[in-house]
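Asks: Sharing data-v4.txt here; it has compact mmCIF, C-alpha atoms and all ligand atoms.
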```
# COMPACT_ATOMS: atom_id res chain seq x y z
CA MET A 1 134.09 -9.19 61.27
CA ARG A 2 137.78 -8.52 61.74
CA LEU A 3 138.12 -7.62 58.08
CA SER A 4 135.25 -5.15 58.17
CA HIS A 5 136.76 -3.58 61.29
CA LEU A 6 140.08 -3.15 59.48
CA THR A 7 138.27 -1.81 56.45
CA ARG A 8 136.61 0.76 58.64
CA ILE A 9 139.94 1.78 60.16
CA ALA A 10 141.38 2.09 56.66
CA ALA A 11 138.43 4.18 55.60
CA VAL A 12 138.82 6.47 58.62
CA ALA A 13 142.56 6.74 57.98
CA ALA A 14 141.92 7.60 54.35
CA THR A 15 139.49 10.31 55.39
CA VAL A 16 142.06 11.76 57.77
CA VAL A 17 144.68 11.75 55.03
CA ILE A 18 142.30 13.49 52.62
CA ALA A 19 141.39 16.08 55.26
CA ALA A 20 145.05 16.66 56.09
CA THR A 21 145.90 17.02 52.42
CA ALA A 22 143.09 19.49 51.95
CA CYS A 23 144.29 21.49 54.95
CA GLY A 24 147.87 21.33 53.75
CA GLY A 25 146.89 22.54 50.31
CA GLN A 26 144.99 25.42 51.84
CA SER A 27 147.58 26.59 54.27
CA SER A 28 150.79 26.07 52.35
CA SER A 29 150.74 29.47 50.68
CA LEU A 30 149.28 31.31 53.63
CA GLY A 31 152.48 31.72 55.55
CA SER A 32 153.61 34.86 57.28
CA SER A 33 154.18 36.47 53.89
CA GLY A 34 150.43 37.10 53.86
CA ALA A 35 150.11 35.90 50.29
CA ALA A 36 146.62 35.41 48.89
CA PRO A 37 145.23 31.98 49.70
CA SER A 38 145.74 29.29 47.13
CA VAL A 39 142.70 28.20 45.22
CA ALA A 40 140.76 25.64 47.24
CA GLN A 41 141.29 22.24 45.61
CA GLY A 42 138.45 19.76 45.61
CA ALA A 43 136.24 22.09 47.61
CA SER A 44 132.69 20.80 47.81
CA PHE A 45 129.58 22.71 48.73
CA PRO A 46 125.94 21.87 49.47
CA ALA A 47 124.20 20.82 46.27
CA GLY A 48 122.24 23.64 44.72
CA SER A 49 123.96 26.36 46.74
CA THR A 50 125.41 29.42 45.00
CA MET A 51 128.83 28.22 46.13
CA ASP A 52 128.25 24.87 44.41
CA THR A 53 126.98 26.50 41.23
CA LEU A 54 129.95 28.88 41.04
CA ASN A 55 132.46 26.16 41.85
CA LYS A 56 131.07 23.97 39.09
CA ALA A 57 130.92 26.87 36.63
CA GLN A 58 134.55 27.71 37.47
CA THR A 59 133.88 31.39 36.97
CA LEU A 60 132.83 34.31 39.14
CA ARG A 61 131.15 37.37 37.63
CA LEU A 62 132.10 40.43 39.64
CA GLY A 63 130.51 43.87 39.50
CA THR A 64 133.03 46.51 40.50
CA LYS A 65 134.26 50.03 39.78
CA PHE A 66 136.56 50.72 36.84
CA ASP A 67 137.63 54.29 37.64
CA GLN A 68 138.46 54.28 41.35
CA PRO A 69 142.20 54.13 42.10
CA LEU A 70 143.05 51.86 45.05
CA PHE A 71 139.66 50.04 44.96
CA GLY A 72 138.80 49.24 41.36
CA LEU A 73 140.74 50.88 38.55
CA LYS A 74 140.87 49.37 35.10
CA GLY A 75 144.47 48.84 34.05
CA LEU A 76 146.18 48.58 30.68
CA ASP A 77 145.47 44.85 30.69
CA GLY A 78 141.77 45.68 30.70
CA LYS A 79 141.24 44.31 34.20
CA PRO A 80 140.34 46.36 37.25
CA ALA A 81 142.72 46.32 40.20
CA GLY A 82 142.30 47.43 43.80
CA PHE A 83 141.16 46.39 47.26
CA ASP A 84 137.62 45.45 46.18
CA VAL A 85 139.06 43.26 43.43
CA GLU A 86 141.49 41.61 45.87
CA ILE A 87 138.64 40.85 48.30
CA ALA A 88 136.74 39.24 45.42
CA LYS A 89 139.82 37.16 44.53
CA ILE A 90 139.96 35.85 48.11
CA ILE A 91 136.30 34.80 47.89
CA ALA A 92 136.84 33.24 44.46
CA ALA A 93 139.83 31.25 45.77
CA LYS A 94 137.71 29.81 48.59
CA LEU A 95 135.14 28.83 45.96
CA GLY A 96 137.86 26.95 44.09
CA ILE A 97 137.98 29.54 41.30
CA PRO A 98 141.33 30.99 40.18
CA ALA A 99 141.64 34.79 39.90
CA ASP A 100 142.01 34.62 36.12
CA LYS A 101 138.54 33.08 35.91
CA ILE A 102 136.87 36.18 37.36
CA THR A 103 135.01 38.26 34.80
CA TYR A 104 134.41 41.95 35.43
CA THR A 105 131.38 44.12 34.81
CA GLU A 106 131.56 47.83 35.52
CA ALA A 107 129.07 48.64 38.27
CA PRO A 108 128.73 52.42 38.74
CA SER A 109 127.01 53.46 41.96
CA ALA A 110 123.50 53.85 40.56
CA VAL A 111 123.26 50.41 38.91
CA ARG A 112 124.65 48.10 41.61
CA GLU A 113 121.29 46.84 42.87
CA GLU A 114 120.08 46.44 39.30
CA VAL A 115 122.98 44.29 38.08
CA ILE A 116 122.54 41.98 41.08
CA GLU A 117 118.76 41.75 40.68
CA GLN A 118 119.09 41.01 36.98
CA GLY A 119 121.63 38.27 37.64
CA ARG A 120 124.23 39.97 35.45
CA VAL A 121 126.83 39.47 38.18
CA ASP A 122 127.26 36.97 41.02
CA MET A 123 128.37 39.63 43.45
CA VAL A 124 129.28 43.30 43.71
CA ALA A 125 132.37 44.57 45.51
CA ALA A 126 132.39 48.27 44.66
CA THR A 127 132.89 50.61 47.65
CA TYR A 128 129.28 49.60 48.34
CA THR A 129 127.82 50.98 51.57
CA ILE A 130 125.46 48.66 53.40
CA ASN A 131 122.21 50.45 54.21
CA ALA A 132 118.54 49.68 54.86
CA LYS A 133 117.26 51.09 51.56
CA ARG A 134 119.61 48.94 49.50
CA LYS A 135 118.82 45.91 51.65
CA GLU A 136 115.26 46.05 50.32
CA ARG A 137 116.68 44.93 46.96
CA VAL A 138 119.90 43.02 47.70
CA SER A 139 121.66 41.25 50.57
CA PHE A 140 125.07 42.17 51.91
CA ALA A 141 127.91 40.11 53.31
CA GLY A 142 130.46 41.98 55.41
CA PRO A 143 131.26 44.70 56.12
CA TYR A 144 134.90 44.22 55.15
CA TYR A 145 135.89 47.89 55.63
CA VAL A 146 134.39 51.08 57.04
CA ALA A 147 135.04 54.33 55.15
CA GLY A 148 133.60 57.79 55.85
CA GLN A 149 132.38 60.62 53.66
CA ASP A 150 134.72 63.56 53.22
CA LEU A 151 135.41 66.43 50.83
CA MET A 152 138.12 66.96 48.20
CA VAL A 153 139.12 70.43 46.98
CA LYS A 154 141.91 72.02 44.95
CA SER A 155 145.17 72.10 46.88
CA ASP A 156 145.16 75.88 47.21
CA ASN A 157 141.63 76.06 48.63
CA THR A 158 141.59 77.42 52.20
CA THR A 159 137.93 78.30 52.61
CA ILE A 160 136.33 74.85 52.57
CA THR A 161 137.21 73.23 55.87
CA GLY A 162 134.41 70.70 56.35
CA PRO A 163 130.76 70.12 55.46
CA ASP A 164 129.56 72.95 57.73
CA SER A 165 131.73 75.42 55.85
CA LEU A 166 129.59 74.68 52.78
CA ARG A 167 126.43 76.09 54.37
CA GLY A 168 125.55 79.32 52.60
CA ALA A 169 128.90 79.28 50.78
CA ASN A 170 127.33 78.73 47.36
CA ALA A 171 130.13 76.29 46.48
CA LYS A 172 129.53 73.92 43.58
CA VAL A 173 129.73 70.31 44.70
CA CYS A 174 130.11 67.16 42.61
CA SER A 175 129.18 63.60 43.51
CA VAL A 176 127.78 60.50 41.84
CA ALA A 177 124.16 59.55 41.19
CA GLY A 178 122.88 56.74 43.36
CA SER A 179 125.60 57.15 45.98
CA THR A 180 125.09 57.70 49.70
CA PRO A 181 127.34 60.82 49.70
CA SER A 182 125.13 62.48 47.07
CA GLU A 183 122.21 62.14 49.50
CA ASN A 184 124.08 63.06 52.71
CA ILE A 185 125.54 66.25 51.27
CA LYS A 186 122.07 67.70 50.66
CA LYS A 187 121.91 68.49 54.40
CA TYR A 188 124.66 71.04 53.90
CA ILE A 189 124.10 72.60 50.48
CA ASP A 190 121.43 73.93 48.18
CA PRO A 191 120.67 70.96 45.87
CA ALA A 192 120.87 73.39 42.94
CA ASN A 193 124.64 73.50 43.59
CA LEU A 194 125.00 69.72 43.34
CA THR A 195 126.25 68.16 40.09
CA LEU A 196 125.87 64.41 39.75
CA PHE A 197 127.82 62.25 37.32
CA ASP A 198 127.75 58.49 36.91
CA VAL A 199 131.37 57.98 38.05
CA TYR A 200 133.80 59.84 40.32
CA SER A 201 136.52 60.32 37.70
CA LYS A 202 134.18 62.79 35.97
CA CYS A 203 133.89 64.75 39.23
CA ALA A 204 137.69 64.88 39.43
CA ASP A 205 137.78 66.27 35.87
CA ALA A 206 135.18 68.89 36.80
CA LEU A 207 137.24 69.94 39.84
CA ARG A 208 140.36 70.20 37.70
CA THR A 209 138.65 72.48 35.17
CA GLY A 210 137.01 74.59 37.88
CA GLN A 211 133.44 73.64 36.98
CA VAL A 212 132.96 72.56 40.59
CA ASP A 213 134.70 73.56 43.83
CA VAL A 214 134.29 70.34 45.80
CA VAL A 215 134.03 66.62 45.19
CA THR A 216 132.39 64.58 47.90
CA THR A 217 132.39 60.85 48.49
CA ASP A 218 134.16 58.35 50.77
CA ASN A 219 137.55 59.46 52.10
CA VAL A 220 139.38 56.46 50.66
CA ILE A 221 137.97 57.02 47.17
CA LEU A 222 139.06 60.65 47.38
CA THR A 223 142.49 59.53 48.57
CA GLY A 224 142.88 57.50 45.38
CA LEU A 225 141.85 60.45 43.20
CA ILE A 226 144.26 62.72 45.09
CA GLU A 227 147.09 60.22 44.57
CA ASN A 228 146.46 60.43 40.83
CA SER A 229 146.15 64.24 40.77
CA ASN A 230 149.83 65.22 40.74
CA GLY A 231 149.31 67.45 43.75
CA ALA A 232 146.30 69.30 42.28
CA PHE A 233 143.78 68.10 44.91
CA LYS A 234 143.72 67.65 48.68
CA LEU A 235 141.49 65.97 51.23
CA VAL A 236 139.66 68.28 53.61
CA ASN A 237 139.94 65.45 56.13
CA LYS A 238 136.73 66.02 58.13
CA LYS A 239 135.03 62.66 57.90
CA PHE A 240 131.32 63.11 58.60
CA THR A 241 129.62 59.73 57.99
CA GLU A 242 130.29 56.02 58.39
CA GLU A 243 130.25 53.94 55.20
CA PRO A 244 130.50 50.20 55.91
CA TYR A 245 131.46 48.40 52.70
CA GLY A 246 129.60 45.17 51.97
CA ILE A 247 129.59 42.54 49.25
CA GLY A 248 126.27 42.81 47.47
CA ILE A 249 124.61 39.52 46.52
CA LYS A 250 121.16 38.31 45.46
CA LYS A 251 118.58 39.19 48.09
CA GLY A 252 117.97 36.41 50.59
CA ASP A 253 120.97 34.21 49.68
CA VAL A 254 121.82 33.65 53.34
CA ALA A 255 124.07 30.63 52.70
CA PHE A 256 126.27 32.57 50.26
CA CYS A 257 126.34 35.53 52.65
CA ASN A 258 127.44 33.28 55.54
CA PHE A 259 130.08 31.68 53.31
CA ILE A 260 131.50 35.10 52.40
CA ASN A 261 131.49 36.24 56.03
CA GLN A 262 133.33 33.08 57.08
CA THR A 263 135.81 33.63 54.23
CA LEU A 264 136.44 37.21 55.40
CA LYS A 265 137.16 36.02 58.94
CA GLU A 266 139.54 33.36 57.66
CA ALA A 267 141.20 35.95 55.41
CA GLU A 268 141.90 38.12 58.42
CA ALA A 269 143.30 35.16 60.36
CA ASP A 270 145.49 33.82 57.54
CA GLY A 271 146.95 37.15 56.43
CA SER A 272 145.26 37.38 53.04
CA TYR A 273 143.09 40.34 54.13
CA LYS A 274 146.26 42.18 55.16
CA ALA A 275 147.96 41.21 51.89
CA ALA A 276 144.97 42.54 49.94
CA TRP A 277 145.21 45.84 51.81
CA ASP A 278 149.01 46.11 51.60
CA SER A 279 149.06 45.62 47.84
CA THR A 280 146.36 48.25 47.20
CA VAL A 281 145.13 50.96 49.62
CA GLY A 282 148.03 50.17 51.93
CA LYS A 283 150.43 51.78 49.47
CA VAL A 284 148.88 55.11 50.50
CA SER A 285 147.47 54.27 53.96
CA PRO A 286 149.85 51.66 55.39
CA GLU A 287 147.92 50.96 58.58
CA VAL A 288 145.90 47.78 58.02
CA PRO A 289 142.33 48.29 59.28
CA PRO A 290 140.84 45.66 61.57
CA LEU A 291 138.17 43.58 59.86
CA PRO A 292 134.89 45.05 61.17
CA ALA A 293 132.56 42.69 63.04
CA VAL A 294 130.52 41.08 60.29
CA ALA A 295 126.78 41.54 60.47
CA ALA A 296 124.21 38.72 60.66
CA CYS A 297 123.07 37.59 57.21
CA SER A 298 119.47 38.05 56.13
N1 LIG A 301 130.10 54.11 49.65
C1 LIG A 301 129.22 55.03 49.00
C2 LIG A 301 128.10 54.32 48.30
O1 LIG A 301 128.04 53.12 48.29
C3 LIG A 301 129.95 55.94 48.05
C4 LIG A 301 130.88 55.26 47.11
C5 LIG A 301 130.26 54.85 45.82
O2 LIG A 301 129.42 55.58 45.27
O3 LIG A 301 130.63 53.79 45.35
O4 LIG A 301 127.22 54.95 47.79
```
Is it possible to express this structure as structure tokens?
Replies:
Amino acid sequence: MRLSHLTRIAAVAATVVIAATACGGQSSSLGSSGAAPSVAQGASFPAGSTMDTLNKAQTLRLGTKFDQPLFGLKGLDGKPAGFDVEIAKIIAAKLGIPADKITYTEAPSAVREEVIEQGRVDMVAATYTINAKRKERVSFAGPYYVAGQDLMVKSDNTTITGPDSLRGANAKVCSVAGSTPSENIKKYIDPANLTLFDVYSKCADALRTGQVDVVTTDNVILTGLIENSNGAFKLVNKKFTEEPYGIGIKKGDVAFCNFINQTLKEAEADGSYKAAWDSTVGKVSPEVPPLPAVAACS
């Protein structure tokens, strides 16, 4: 009787020690420096959940952009870098997966739903606006950031001052197939003046060579292209839509969505969201955005 009581106390004490160790391991690198969280050690997840599968596989397959400075730009090491990639690293760490175990698949705007549906990636973080049409095919965690559509022109352009200035102006506009900006801009221009490529870097090339007069997409994507333009381009700076960025996952995976949303909230609280921003977009836009209120998962 007495022995079993002591055994129980010992068992409880052991549990407390394990819990404390787990907490300590988690929080030790999350100090005020805002460093990315350390990889969760010994994390365990409900059997059969996506989290459990990924944790056991010890790899995370991410769909992201390869040509978007500040969000996902493939570097000389062959790996994309940017805010989307950093957000994915935070999620991977909570799954117990180190950053170097993430594999990257390029996910241009038009194929994001497809790569998720086909199971070619575990998630997509790719300046991916949450909207009802896309939700018919995939689910979204987040949002983790809210951008807005804007226009980019050559630095010496003084005539294009916002989307309304495009009406009747006959300006040639470039955007990307399958993107929300390519749809929104049709309210302002004759669709015959719209050129669509698969990626935004091709629009930037077309603006440089004068084949188009305007590039339109999210302001923060344009900011990255402007940073890399050596002063050739400027932002019109008349934001005219809201683009909440979500993490795309397999449709109906509510548990994984909730896990990501919880991870985002913790990342804001422990400084890793700020660190992700500071090391990427923050180099150009230092003000750290507040994490938007995450939406209910479905
Ligand atoms: N956020 C917009 C979208 O998801 C534009 C950026 C992009 O094409 O990735 O369509």
Asks: Check every protein, DNA and RNA residue against ligand LIG 301 (chain A), keep those with an atom at most 6 Å away (counting all atoms listed in the file), and present them as a PyMOL selection string.
Replies: chain A and resi 109+126-129+179-181+217-218+243
Asks: With all atoms listed in the file as the atoms that count, which of A:Pro80, A:Gly168, A:Gly271, A:Gly248 lies nearest to Pro143 in chain A?
Replies: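 Selected residue with least distance to Pro143 in chain A: A:Gly248.
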Asks: Can you tell me how far CA of Ala147 in chain A sits from CA of Pro98 in chain A, in Å to one decimal?
Replies: 28.4 Å
Asks: List the residues sitting within 9 Å of (129.0, 41.3, 57.7) in the file's frame, using all atoms listed in the file, as a ChimeraX atom specification.
Replies: /A:140-144,246-247,257-258,260-261,264,292-297
Asks: Generate a file of the selected residues that holds C-alpha atoms, formatted as a tab-separated table (two decimals), in the coordinates of the input.
Replies:
```tsv
chain	number	residue	atom	x	y	z
A	140	PHE	CA	125.07	42.17	51.91
A	141	ALA	CA	127.91	40.11	53.31
A	142	GLY	CA	130.46	41.98	55.41
A	143	PRO	CA	131.26	44.70	56.12
A	144	TYR	CA	134.90	44.22	55.15
A	246	GLY	CA	129.60	45.17	51.97
A	247	ILE	CA	129.59	42.54	49.25
A	257	CYS	CA	126.34	35.53	52.65
A	258	ASN	CA	127.44	33.28	55.54
A	260	ILE	CA	131.50	35.10	52.40
A	261	ASN	CA	131.49	36.24	56.03
A	264	LEU	CA	136.44	37.21	55.40
A	292	PRO	CA	134.89	45.05	61.17
A	293	ALA	CA	132.56	42.69	63.04
A	294	VAL	CA	130.52	41.08	60.29
A	295	ALA	CA	126.78	41.54	60.47
A	296	ALA	CA	124.21	38.72	60.66
A	297	CYS	CA	123.07	37.59	57.21
```
Asks: So that I can see what lies close to range 156-160 of chain A, please list as a ChimeraX atom specification the residues with an atom at most 12 Å from it, counting only C-alpha atoms and leaving out residues fewer than 3 positions away in the same chain.
Replies: /A:150-153,163-173,207,210,213-216,231-238
Asks: Write a file of the just-selected residues containing C-alpha atoms, as an mmCIF file, in the frame of the given file.
Replies:
```
data_model
loop_
_atom_site.group_PDB
_atom_site.id
_atom_site.type_symbol
_atom_site.label_atom_id
_atom_site.label_comp_id
_atom_site.auth_asym_id
_atom_site.auth_seq_id
_atom_site.Cartn_x
_atom_site.Cartn_y
_atom_site.Cartn_z
ATOM 1 C CA ASP A 150 134.720 63.560 53.220
ATOM 2 C CA LEU A 151 135.410 66.430 50.830
ATOM 3 C CA MET A 152 138.120 66.960 48.200
ATOM 4 C CA VAL A 153 139.120 70.430 46.980
ATOM 5 C CA PRO A 163 130.760 70.120 55.460
ATOM 6 C CA ASP A 164 129.560 72.950 57.730
ATOM 7 C CA SER A 165 131.730 75.420 55.850
ATOM 8 C CA LEU A 166 129.590 74.680 52.780
ATOM 9 C CA ARG A 167 126.430 76.090 54.370
ATOM 10 C CA GLY A 168 125.550 79.320 52.600
ATOM 11 C CA ALA A 169 128.900 79.280 50.780
ATOM 12 C CA ASN A 170 127.330 78.730 47.360
ATOM 13 C CA ALA A 171 130.130 76.290 46.480
ATOM 14 C CA LYS A 172 129.530 73.920 43.580
ATOM 15 C CA VAL A 173 129.730 70.310 44.700
ATOM 16 C CA LEU A 207 137.240 69.940 39.840
ATOM 17 C CA GLY A 210 137.010 74.590 37.880
ATOM 18 C CA ASP A 213 134.700 73.560 43.830
ATOM 19 C CA VAL A 214 134.290 70.340 45.800
ATOM 20 C CA VAL A 215 134.030 66.620 45.190
ATOM 21 C CA THR A 216 132.390 64.580 47.900
ATOM 22 C CA GLY A 231 149.310 67.450 43.750
ATOM 23 C CA ALA A 232 146.300 69.300 42.280
ATOM 24 C CA PHE A 233 143.780 68.100 44.910
ATOM 25 C CA LYS A 234 143.720 67.650 48.680
ATOM 26 C CA LEU A 235 141.490 65.970 51.230
ATOM 27 C CA VAL A 236 139.660 68.280 53.610
ATOM 28 C CA ASN A 237 139.940 65.450 56.130
ATOM 29 C CA LYS A 238 136.730 66.020 58.130
#
```
Asks: Residues within 10 Å of Val281 in chain A, please, as a list in words. Count all atoms listed in the file; anything in the same chain fewer than 6 positions from it doesn't count.
Replies: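 Residues near the query, excluding close chain neighbours: Pro69, Leu70, Phe71, Gly82, Phe83, Asp84, Val220, Ile221, Thr223, Gly224, Glu287 and Val288 of chain A.
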Asks: Go through A:Gln58, A:Thr280, A:Ser155, A:Thr263 one by one, measure the shortest atom-to-atom distance of each to Ile102 in chain A using all atoms listed in the file, and give the residue with the smallest value.
Replies: A:Gln58
Asks: Find the distance between CA of Pro290 in chain A and CA of Ala40 in chain A and write it in Å to one decimal.
Replies: 24.6 Å
Asks: Could you list, as a PyMOL selection string, every residue within 7 Å of range 44-53 of chain A, counting only C-alpha atoms and ignoring same-chain residues fewer than 4 positions away?
Replies: chain A and resi 57+95+256
Asks: In terms of the shortest atom-to-atom distance over only C-alpha atoms, which of A:Pro244, A:Gly63, A:Gly178, A:Gly75 is closest to Val124 in chain A?
Replies: A:Gly63
Asks: Which is closer to Thr195 in chain A than all the others in A:Gln211, A:Cys174, A:Leu60, A:Val111, using all atoms listed in the file?
Replies: A:Cys174
Asks: Quick one, how far is CA of Lys250 in chain A from CA of Val39 in chain A?
Replies: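 That distance, rounded to one decimal, is 23.8 Å.
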Asks: Select, from A:Arg112, A:Thr64, A:Tyr145, A:Asn193, the residue with the minimum atom-to-atom distance to Lys274 in chain A, counting only C-alpha atoms.
Replies: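 Checking each of A:Arg112, A:Thr64, A:Tyr145, A:Asn193 against Lys274 in chain A, counting only C-alpha atoms, the winner is A:Tyr145.
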Asks: Given the choices A:Asn228, A:Lys89, A:Lys251, A:Asn55, which gets closest to Gly119 in chain A if the distance is worked out from only C-alpha atoms?
Replies: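 Nearest to Gly119 in chain A: A:Lys251.
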